[in-house]
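To keep things clear, I will list the structure first and then write my remarks on it.
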Amino acid sequence: MTRQELSKAFEPAEAEKRIYDYWLKSNFFHALDESAKKPFSIVIPPPNVTGMLHMGHALNNTLQDIIIRYKRMQGYNALWMPGMDHAGIATQNVVEQELAKEGLTRHDLGREKFIARVWQWKEKYGGVIINQLKRLGCSCDWQRERFTMDEGLSQAVREVFVKLYDDGLIYQGDYIVNWCPRCHTAISDLEVEFLQEASCLWHIGYPYADGKGEIIVATTRPETMLGDTAVAVHPDDKRYKDKIGKFVILPLVNKKIPIIADEYVTMDFGSGAVKITPGSDPNDFAMAQRHNLEILNIMDGRGVINEKGGTYKGQERYEARKNIIVDLEKGKYLIKTEPYSHNVGKCYRCKTDIEPMVSKQWFVKIQPLAKQATKAVIEEKTKLVPKSWEATYFEWMNNIRDWCISRQLWWGHRIPVWYCDGCSEVIVAKTDPDKCPKCGDKSLKQDEDVLDTWFSSALWPFSTLGWPKKTKALQTFYPTSLLITGFDILFFWVARMIMMGLYVMKDVPFKDVYLHALVRDEKGEKMSKSSGNIIDPLVMIEKYGTDAFRFTLAAYTTQGRDVRMSPERIEGYKFFVNKIWNAAKLVMANLSDYDEESAAKAKDALPDKWIKSRLSLAIGAVNQNLEEYRFNEAAAAIYRFVWHEFCDWYLELIKPALYGKKTALRVAAQKTMHDVFKTVLQLLHPFMPFVSEELWQALT
RNA sequence: GGGCGGUUAACUCAGCGGGAGAGUGCUACCUUCACACGGUAGAAGUCGCUGGUUCAAUCCCAGCACCGCCUACCA
């Protein structure tokens with residue numbers, strides 16, 4: 001047995017690349033479609049194709065890698081399915097910005113050329129993150145890497161769309177949606193972020209049509225009055241009882257609108273009377289449907305007042321607001337203005353104020369799907385970890401609203417619906433039709449919209465395994481064993497995968513879901529470019545080595561609490577890597593004359609017995625904690641054992657025997673030291689794959 | 001408005017019915033043949049507040065306070 005001499009300290013930069021290449025070459029990460037081993041599978045939360053590795057990714061993928069390596073070592077046929085998401089709005093925005101530098105818009109190029117340009121961009125810059133994941137040591141089955149816009153996955157999208165449509169679970173209609181005037185598309189309820197803003201509450205007097213007095217309404221959005229079609233009061237409100245059914249004159253517009261009664265109105269807020277703008281407010285829209293009110297759209301897609309706004313036509317919405325306030329004052333309609341702070345909806349992508357607007361969109365009728373998905377979690381077919389998330393999940397599922405799936409973008413899965421020019425037939429098909437099945441007309445027009453990015457990611461657990469084809473991989477690995485993701489996409493993604501998995505595959509997509517927390521800075525602040533507190537994982541890897549970085553993440557991952565990250569903490573665990581390295585040096589320096597034959601006959605002395613019993617406790621703790629996804633506890637168990645038991649006590653205790661003559665004691669110590677240290681390396685491997693591999697190779 | 005989580009040593013956090021812990025930091029000593037990215041020893045906390053349950057509570061229950069997050073149609 002020859003053993004190489006170890007360098008003074010571990011050199012992560014050099015070793016990591018060499019070792020990762022070695023793993024790739026030995027096909028260590030590849031799982032077989034068919035195997036005698038028991039399957040274990042995880043699908044990666046696909047990072048955006050535009051993504052750059054940030055702390056959230058680092059945490060998410062480190063945890064997945066720990067589990068998948070752990071399972072692989074336990075003898076499972078362990079698959080970690082990698083891939084990326086096409087990220088509709090995000091990617092389109094990036095390429096549009098690139099075009100803007102050339103003074104172009106996507107409209108200058110036209111749809112086809114623009115999409116070609118996005119693909120070009122993807123080939124060139126997309127997927128940087130994949131290489132960054134490799135730096136993290138991720139042991140994904142890279143041969144299987146998928147992209148949500150792959151041919152196979154696009155086919156899956158169509159299959160599911162058509163199935164939903166045929167089952168009556170997809171419909172098209174004019175509804176009020178969240179419109180982003182900058183992205184120029186509808187977005188789903190989930191994609192709206194509410195921010196509290198200081199604004200005003202304007203009290204406006206609407207004169208009664210009979211000329212006797214006025215009714216006062218309060219609003220935070222005076223410009224929408226151009227689209228008012230009623231004023232509402234509570235049916236029990238004594239102040240207005242005799243006014244219900246009468247009319248008021250809408251100021252500036254000079255239109256007669258009715259006063260109606262609806263229980264939605266809160267009597268003790270403002271004046272107890274509300275202006276109703278069905279075209280610009282979801283609640284008012286609902287009320288309009290209850291009362292058959294006229295619905296007016298007063299703005300275009302850019303948020304500019306249209307011809308329905310009379311003299312305000314052509315004015316941007318906030319410019320119109322200013323002018324309307326001035327005009328109301330002039331006409332003595334403005335009763336008072338009070339400061340008021342309220343929530344304003346923002347586009348989660350570009351932070352532009354959302355404009356609720358009525359437009360024709362596609363929706364998924366979600367209740368039947370949600371019902372199944374709720375049941376699956378109640379019955380624990382899918383378990384959420386930590387369990388406390390179940391309450392949140394049920395709360396959302398029980399109050400879920402139909403999912404708006406159409407987006408007015410160009411980058412994404414185009415909706416598989418065609419309209420016939422000849423007979424106005426609507427064709428919904430898995431493959432592009434060349435003529436109308438009804439009248440034979442060949443002039444078909446495909447729907448202009450694309451699908452919400454989350455539609456394709458909802459299919460991810462089975463589409464990546466080959467569905468709709470009946471593949472062996474699908475048979476072996478579905479349902480997947482575990483999903484590890486951040487709680488922030490519980491609704492966006494996890495819930496929808498459960499719904500789609502049950503609907504399409506008749507089975508849950510994963511048995512366990514581990515929801516981890518957010519990574520914050522050392523003060524607990526969210527990391528963001530604007531606060532300048534971003535810690536770049538790649539810089540940390542460069543500085544402290546991947547192993548130390550990964551171990552830090554694991555050590556700070558407690559269930560139900562955010563991770564606070566700082567370079568000092570990573571440095572602390574870099575010391576741990578160094579400690580392990582030096583222990584290895586000591587171990588190996590004393591094994592030059594080690595021979596297994598005489599070692600086999602050696603009888604354990606007291607320290608040997610002691611450390612072995614401590615080791616078995618540590619192994620038990622690490623295993624149990626990993627099974628329960630207690631990453632911090634597993635890491636702590638290793639740390640304690642290696643440093644405070646193996647190094648502090650055992651290695652010190654056996655030094656006299658090691659440095660003595662070749663006695664029975666020395667042989668026993670050699671054997672124990674050797675065996676225990678090898679086991680330590682195995683325990684460490686999921687957390688610190690590089691240094692443990694390096695030492696393993698040196699030792700064996 | 002509803003829900004969830006947090007409040008433990010200077011800092012960051014574990015623990016969660018019977019002993020109050022870790023890392024960093026701090027103090028003193030030690031360059032002894034794995035490691036100063038180290039070793040040994042040590043100081044440091046009425047475990048948010050008020051009640052209750054219990055032989056026993058940091059841990060369970062109730063209420064309160066202050067932070068955070070999620071969710072919601074009070075214009």
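Chain labels follow the order of the structure tokens: the first chain is A, the next B, and so on; residue numbering restarts at 1 in every chain, and ligands are counted from 1 in their shown order.
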
Extract the full set of helix (DSSP H, G or I) residues from region 198-253 of chain A according to DSSP on the backbone, and format it as a PDB file with all heavy atoms, in the first residue's frame.
```pdb
ATOM      1  N   PRO A 222     -58.553  58.591  -8.347  1.00  0.00           N
ATOM      2  CA  PRO A 222     -59.556  59.484  -8.963  1.00  0.00           C
ATOM      3  C   PRO A 222     -59.628  59.341 -10.487  1.00  0.00           C
ATOM      4  O   PRO A 222     -60.704  59.504 -11.070  1.00  0.00           O
ATOM      5  CB  PRO A 222     -59.103  60.881  -8.548  1.00  0.00           C
ATOM      6  CG  PRO A 222     -57.749  60.735  -7.975  1.00  0.00           C
ATOM      7  CD  PRO A 222     -57.572  59.332  -7.548  1.00  0.00           C
ATOM      8  N   GLU A 223     -58.513  59.009 -11.132  1.00  0.00           N
ATOM      9  CA  GLU A 223     -58.541  58.932 -12.588  1.00  0.00           C
ATOM     10  C   GLU A 223     -59.489  57.862 -13.107  1.00  0.00           C
ATOM     11  O   GLU A 223     -59.975  57.946 -14.231  1.00  0.00           O
ATOM     12  CB  GLU A 223     -57.126  58.701 -13.156  1.00  0.00           C
ATOM     13  CG  GLU A 223     -56.508  57.334 -12.877  1.00  0.00           C
ATOM     14  CD  GLU A 223     -55.910  57.199 -11.481  1.00  0.00           C
ATOM     15  OE1 GLU A 223     -56.138  58.077 -10.646  1.00  0.00           O
ATOM     16  OE2 GLU A 223     -55.233  56.185 -11.229  1.00  0.00           O
ATOM     17  N   THR A 224     -59.775  56.866 -12.262  1.00  0.00           N
ATOM     18  CA  THR A 224     -60.655  55.802 -12.753  1.00  0.00           C
ATOM     19  C   THR A 224     -62.112  56.243 -12.812  1.00  0.00           C
ATOM     20  O   THR A 224     -62.944  55.527 -13.361  1.00  0.00           O
ATOM     21  CB  THR A 224     -60.566  54.537 -11.868  1.00  0.00           C
ATOM     22  OG1 THR A 224     -61.028  54.870 -10.552  1.00  0.00           O
ATOM     23  CG2 THR A 224     -59.158  53.992 -11.799  1.00  0.00           C
ATOM     24  N   MET A 225     -62.411  57.427 -12.260  1.00  0.00           N
ATOM     25  CA  MET A 225     -63.811  57.869 -12.282  1.00  0.00           C
ATOM     26  C   MET A 225     -64.342  57.997 -13.707  1.00  0.00           C
ATOM     27  O   MET A 225     -65.546  57.915 -13.936  1.00  0.00           O
ATOM     28  CB  MET A 225     -63.979  59.188 -11.534  1.00  0.00           C
ATOM     29  CG  MET A 225     -63.324  60.380 -12.212  1.00  0.00           C
ATOM     30  SD  MET A 225     -63.659  61.897 -11.333  1.00  0.00           S
ATOM     31  CE  MET A 225     -65.397  62.117 -11.686  1.00  0.00           C
ATOM     32  N   LEU A 226     -63.430  58.132 -14.641  1.00  0.00           N
ATOM     33  CA  LEU A 226     -63.848  58.214 -16.046  1.00  0.00           C
ATOM     34  C   LEU A 226     -64.605  56.950 -16.463  1.00  0.00           C
ATOM     35  O   LEU A 226     -65.407  56.971 -17.384  1.00  0.00           O
ATOM     36  CB  LEU A 226     -62.622  58.391 -16.947  1.00  0.00           C
ATOM     37  CG  LEU A 226     -61.792  59.655 -16.694  1.00  0.00           C
ATOM     38  CD1 LEU A 226     -60.521  59.630 -17.530  1.00  0.00           C
ATOM     39  CD2 LEU A 226     -62.609  60.907 -16.977  1.00  0.00           C
ATOM     40  N   GLY A 227     -64.333  55.879 -15.747  1.00  0.00           N
ATOM     41  CA  GLY A 227     -64.978  54.617 -16.089  1.00  0.00           C
ATOM     42  C   GLY A 227     -66.054  54.208 -15.098  1.00  0.00           C
ATOM     43  O   GLY A 227     -66.522  53.074 -15.132  1.00  0.00           O
ATOM     44  N   LYS A 238     -78.797  53.465   6.691  1.00  0.00           N
ATOM     45  CA  LYS A 238     -79.972  54.359   6.816  1.00  0.00           C
ATOM     46  C   LYS A 238     -79.779  55.678   6.086  1.00  0.00           C
ATOM     47  O   LYS A 238     -80.728  56.281   5.585  1.00  0.00           O
ATOM     48  CB  LYS A 238     -80.244  54.640   8.303  1.00  0.00           C
ATOM     49  CG  LYS A 238     -80.834  53.426   8.996  1.00  0.00           C
ATOM     50  CD  LYS A 238     -81.103  53.712  10.464  1.00  0.00           C
ATOM     51  CE  LYS A 238     -81.466  52.387  11.150  1.00  0.00           C
ATOM     52  NZ  LYS A 238     -80.841  52.256  12.461  1.00  0.00           N
ATOM     53  N   ARG A 239     -78.548  56.151   6.020  1.00  0.00           N
ATOM     54  CA  ARG A 239     -78.280  57.449   5.382  1.00  0.00           C
ATOM     55  C   ARG A 239     -78.702  57.458   3.917  1.00  0.00           C
ATOM     56  O   ARG A 239     -79.043  58.478   3.354  1.00  0.00           O
ATOM     57  CB  ARG A 239     -76.784  57.773   5.455  1.00  0.00           C
ATOM     58  CG  ARG A 239     -76.280  58.063   6.844  1.00  0.00           C
ATOM     59  CD  ARG A 239     -74.769  58.120   6.853  1.00  0.00           C
ATOM     60  NE  ARG A 239     -74.156  56.809   6.562  1.00  0.00           N
ATOM     61  CZ  ARG A 239     -72.846  56.618   6.515  1.00  0.00           C
ATOM     62  NH1 ARG A 239     -72.013  57.621   6.687  1.00  0.00           N
ATOM     63  NH2 ARG A 239     -72.370  55.414   6.262  1.00  0.00           N
ATOM     64  N   TYR A 240     -78.595  56.305   3.291  1.00  0.00           N
ATOM     65  CA  TYR A 240     -78.792  56.292   1.834  1.00  0.00           C
ATOM     66  C   TYR A 240     -80.002  55.481   1.412  1.00  0.00           C
ATOM     67  O   TYR A 240     -80.233  55.269   0.238  1.00  0.00           O
ATOM     68  CB  TYR A 240     -77.548  55.724   1.158  1.00  0.00           C
ATOM     69  CG  TYR A 240     -76.287  56.488   1.483  1.00  0.00           C
ATOM     70  CD1 TYR A 240     -75.244  55.901   2.190  1.00  0.00           C
ATOM     71  CD2 TYR A 240     -76.141  57.827   1.081  1.00  0.00           C
ATOM     72  CE1 TYR A 240     -74.086  56.590   2.489  1.00  0.00           C
ATOM     73  CE2 TYR A 240     -74.989  58.535   1.380  1.00  0.00           C
ATOM     74  CZ  TYR A 240     -73.963  57.908   2.088  1.00  0.00           C
ATOM     75  OH  TYR A 240     -72.827  58.611   2.367  1.00  0.00           O
ATOM     76  N   LYS A 241     -80.768  54.982   2.382  1.00  0.00           N
ATOM     77  CA  LYS A 241     -81.864  54.069   2.070  1.00  0.00           C
ATOM     78  C   LYS A 241     -82.771  54.607   0.947  1.00  0.00           C
ATOM     79  O   LYS A 241     -83.093  53.894  -0.011  1.00  0.00           O
ATOM     80  CB  LYS A 241     -82.700  53.811   3.321  1.00  0.00           C
ATOM     81  CG  LYS A 241     -83.066  52.346   3.324  1.00  0.00           C
ATOM     82  CD  LYS A 241     -83.290  51.668   4.593  1.00  0.00           C
ATOM     83  CE  LYS A 241     -83.183  50.173   4.288  1.00  0.00           C
ATOM     84  NZ  LYS A 241     -83.042  49.373   5.451  1.00  0.00           N
ATOM     85  N   ASP A 242     -83.111  55.878   1.051  1.00  0.00           N
ATOM     86  CA  ASP A 242     -84.037  56.455   0.062  1.00  0.00           C
ATOM     87  C   ASP A 242     -83.339  56.854  -1.230  1.00  0.00           C
ATOM     88  O   ASP A 242     -83.979  57.301  -2.163  1.00  0.00           O
ATOM     89  CB  ASP A 242     -84.748  57.668   0.677  1.00  0.00           C
ATOM     90  CG  ASP A 242     -83.749  58.719   1.133  1.00  0.00           C
ATOM     91  OD1 ASP A 242     -82.646  58.323   1.589  1.00  0.00           O
ATOM     92  OD2 ASP A 242     -84.025  59.915   1.013  1.00  0.00           O
ATOM     93  N   LYS A 243     -82.025  56.700  -1.262  1.00  0.00           N
ATOM     94  CA  LYS A 243     -81.302  57.099  -2.481  1.00  0.00           C
ATOM     95  C   LYS A 243     -81.097  55.934  -3.446  1.00  0.00           C
ATOM     96  O   LYS A 243     -80.762  56.128  -4.609  1.00  0.00           O
ATOM     97  CB  LYS A 243     -79.919  57.657  -2.117  1.00  0.00           C
ATOM     98  CG  LYS A 243     -79.943  58.764  -1.094  1.00  0.00           C
ATOM     99  CD  LYS A 243     -80.614  60.018  -1.620  1.00  0.00           C
ATOM    100  CE  LYS A 243     -80.429  61.166  -0.637  1.00  0.00           C
ATOM    101  NZ  LYS A 243     -81.460  62.205  -0.777  1.00  0.00           N
TER     102      LYS A 243
END
```

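Every chain A residue lying within 6 Å of chain B, based on only C-alpha atoms (C1' of nucleotides), is listed here: A:Thr219, A:Val274, A:Asn283, A:Phe575, A:Lys579, A:Asn582, A:Ala583, A:Lys585, A:Leu586.
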
Would you save the residues of that selection, restricted to N, CA, C and O atoms, as a PDB file, in the first residue's frame?
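Saved the output as part06.pdb:
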```pdb
ATOM      1  N   THR A 219     -61.987  57.851  -2.870  1.00  0.00           N
ATOM      2  CA  THR A 219     -61.220  56.986  -3.767  1.00  0.00           C
ATOM      3  C   THR A 219     -59.728  57.232  -3.644  1.00  0.00           C
ATOM      4  O   THR A 219     -59.294  58.339  -3.297  1.00  0.00           O
ATOM      5  N   VAL A 274     -69.402  54.131  -2.353  1.00  0.00           N
ATOM      6  CA  VAL A 274     -68.234  53.798  -3.171  1.00  0.00           C
ATOM      7  C   VAL A 274     -68.540  54.026  -4.637  1.00  0.00           C
ATOM      8  O   VAL A 274     -69.600  53.646  -5.126  1.00  0.00           O
ATOM      9  N   ASN A 283     -62.934  44.145  -7.611  1.00  0.00           N
ATOM     10  CA  ASN A 283     -64.145  44.068  -6.788  1.00  0.00           C
ATOM     11  C   ASN A 283     -65.319  44.703  -7.494  1.00  0.00           C
ATOM     12  O   ASN A 283     -66.439  44.213  -7.446  1.00  0.00           O
ATOM     13  N   PHE A 575     -11.934  26.540   8.589  1.00  0.00           N
ATOM     14  CA  PHE A 575     -11.015  26.039   9.626  1.00  0.00           C
ATOM     15  C   PHE A 575     -11.287  24.560   9.892  1.00  0.00           C
ATOM     16  O   PHE A 575     -10.381  23.791  10.190  1.00  0.00           O
ATOM     17  N   LYS A 579      -8.853  21.425   9.670  1.00  0.00           N
ATOM     18  CA  LYS A 579      -8.692  20.497  10.791  1.00  0.00           C
ATOM     19  C   LYS A 579      -8.737  19.046  10.278  1.00  0.00           C
ATOM     20  O   LYS A 579      -7.915  18.216  10.668  1.00  0.00           O
ATOM     21  N   ASN A 582      -5.593  18.149   8.434  1.00  0.00           N
ATOM     22  CA  ASN A 582      -4.451  17.897   9.299  1.00  0.00           C
ATOM     23  C   ASN A 582      -4.579  16.597  10.070  1.00  0.00           C
ATOM     24  O   ASN A 582      -3.583  15.919  10.318  1.00  0.00           O
ATOM     25  N   ALA A 583      -5.806  16.261  10.411  1.00  0.00           N
ATOM     26  CA  ALA A 583      -6.027  14.966  11.045  1.00  0.00           C
ATOM     27  C   ALA A 583      -5.613  13.859  10.072  1.00  0.00           C
ATOM     28  O   ALA A 583      -4.967  12.876  10.451  1.00  0.00           O
ATOM     29  N   LYS A 585      -3.416  14.063   7.809  1.00  0.00           N
ATOM     30  CA  LYS A 585      -1.952  14.022   7.738  1.00  0.00           C
ATOM     31  C   LYS A 585      -1.380  13.171   8.869  1.00  0.00           C
ATOM     32  O   LYS A 585      -0.484  12.353   8.678  1.00  0.00           O
ATOM     33  N   LEU A 586      -1.923  13.368  10.041  1.00  0.00           N
ATOM     34  CA  LEU A 586      -1.467  12.600  11.188  1.00  0.00           C
ATOM     35  C   LEU A 586      -1.759  11.112  10.991  1.00  0.00           C
ATOM     36  O   LEU A 586      -0.904  10.253  11.209  1.00  0.00           O
TER      37      LEU A 586
END
```

### Task
Measuring atom to atom with only C-alpha atoms, identify which of A:Gln682, A:Gln120, A:Thr337, A:Gln155 is nearest to Ser199 (chain A).
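Closest candidate: A:Thr337.
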
### Task
Can you list, as a ChimeraX atom specification, all residues belonging to region 151-302 of chain A that DSSP tags as strand (DSSP E or B)?
/A:170-180,185-187,192-208,214-219,230-233,247-250,255-261,273-276,299

### Query
What's the 8 Å shell around C60 (chain B), counting only C-alpha atoms (C1' of nucleotides), without same-chain residues fewer than 2 positions away, as a list in words?
G17, U53 and A57 of chain B

### Message
With only C-alpha atoms (C1' of nucleotides) as the counted atoms, please give the residues lying no more than 12 Å from C59 (chain B), apart from itself and same-chain residues fewer than 5 positions off, as a VMD selection string.
### Response
chain B and resid 8 15 to 18 20 47

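Of note, CA of Glu390 (chain A) and CA of Ala373 (chain A) are spaced 11.8 Å apart.
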
### Task
Find the spatial neighbours of Asp432 (chain A), counting only C-alpha atoms (C1' of nucleotides), within a cut-off of 10 Å - ignore same-chain residues fewer than 5 positions away - and output them as a PyMOL selection string.
chain A and resi 416-418+427+444+446

Selection from above, C-alpha atoms, as a PDB file, in the first residue's frame, can you write it?
```pdb
ATOM      1  CA  PRO A 416     -52.269  25.544 -29.261  1.00  0.00           C
ATOM      2  CA  VAL A 417     -55.493  27.138 -30.458  1.00  0.00           C
ATOM      3  CA  TRP A 418     -56.307  28.141 -34.022  1.00  0.00           C
ATOM      4  CA  ILE A 427     -59.449  24.388 -33.143  1.00  0.00           C
ATOM      5  CA  LEU A 444     -56.055  29.387 -39.926  1.00  0.00           C
ATOM      6  CA  GLN A 446     -53.000  30.659 -34.257  1.00  0.00           C
TER       7      GLN A 446
END
```
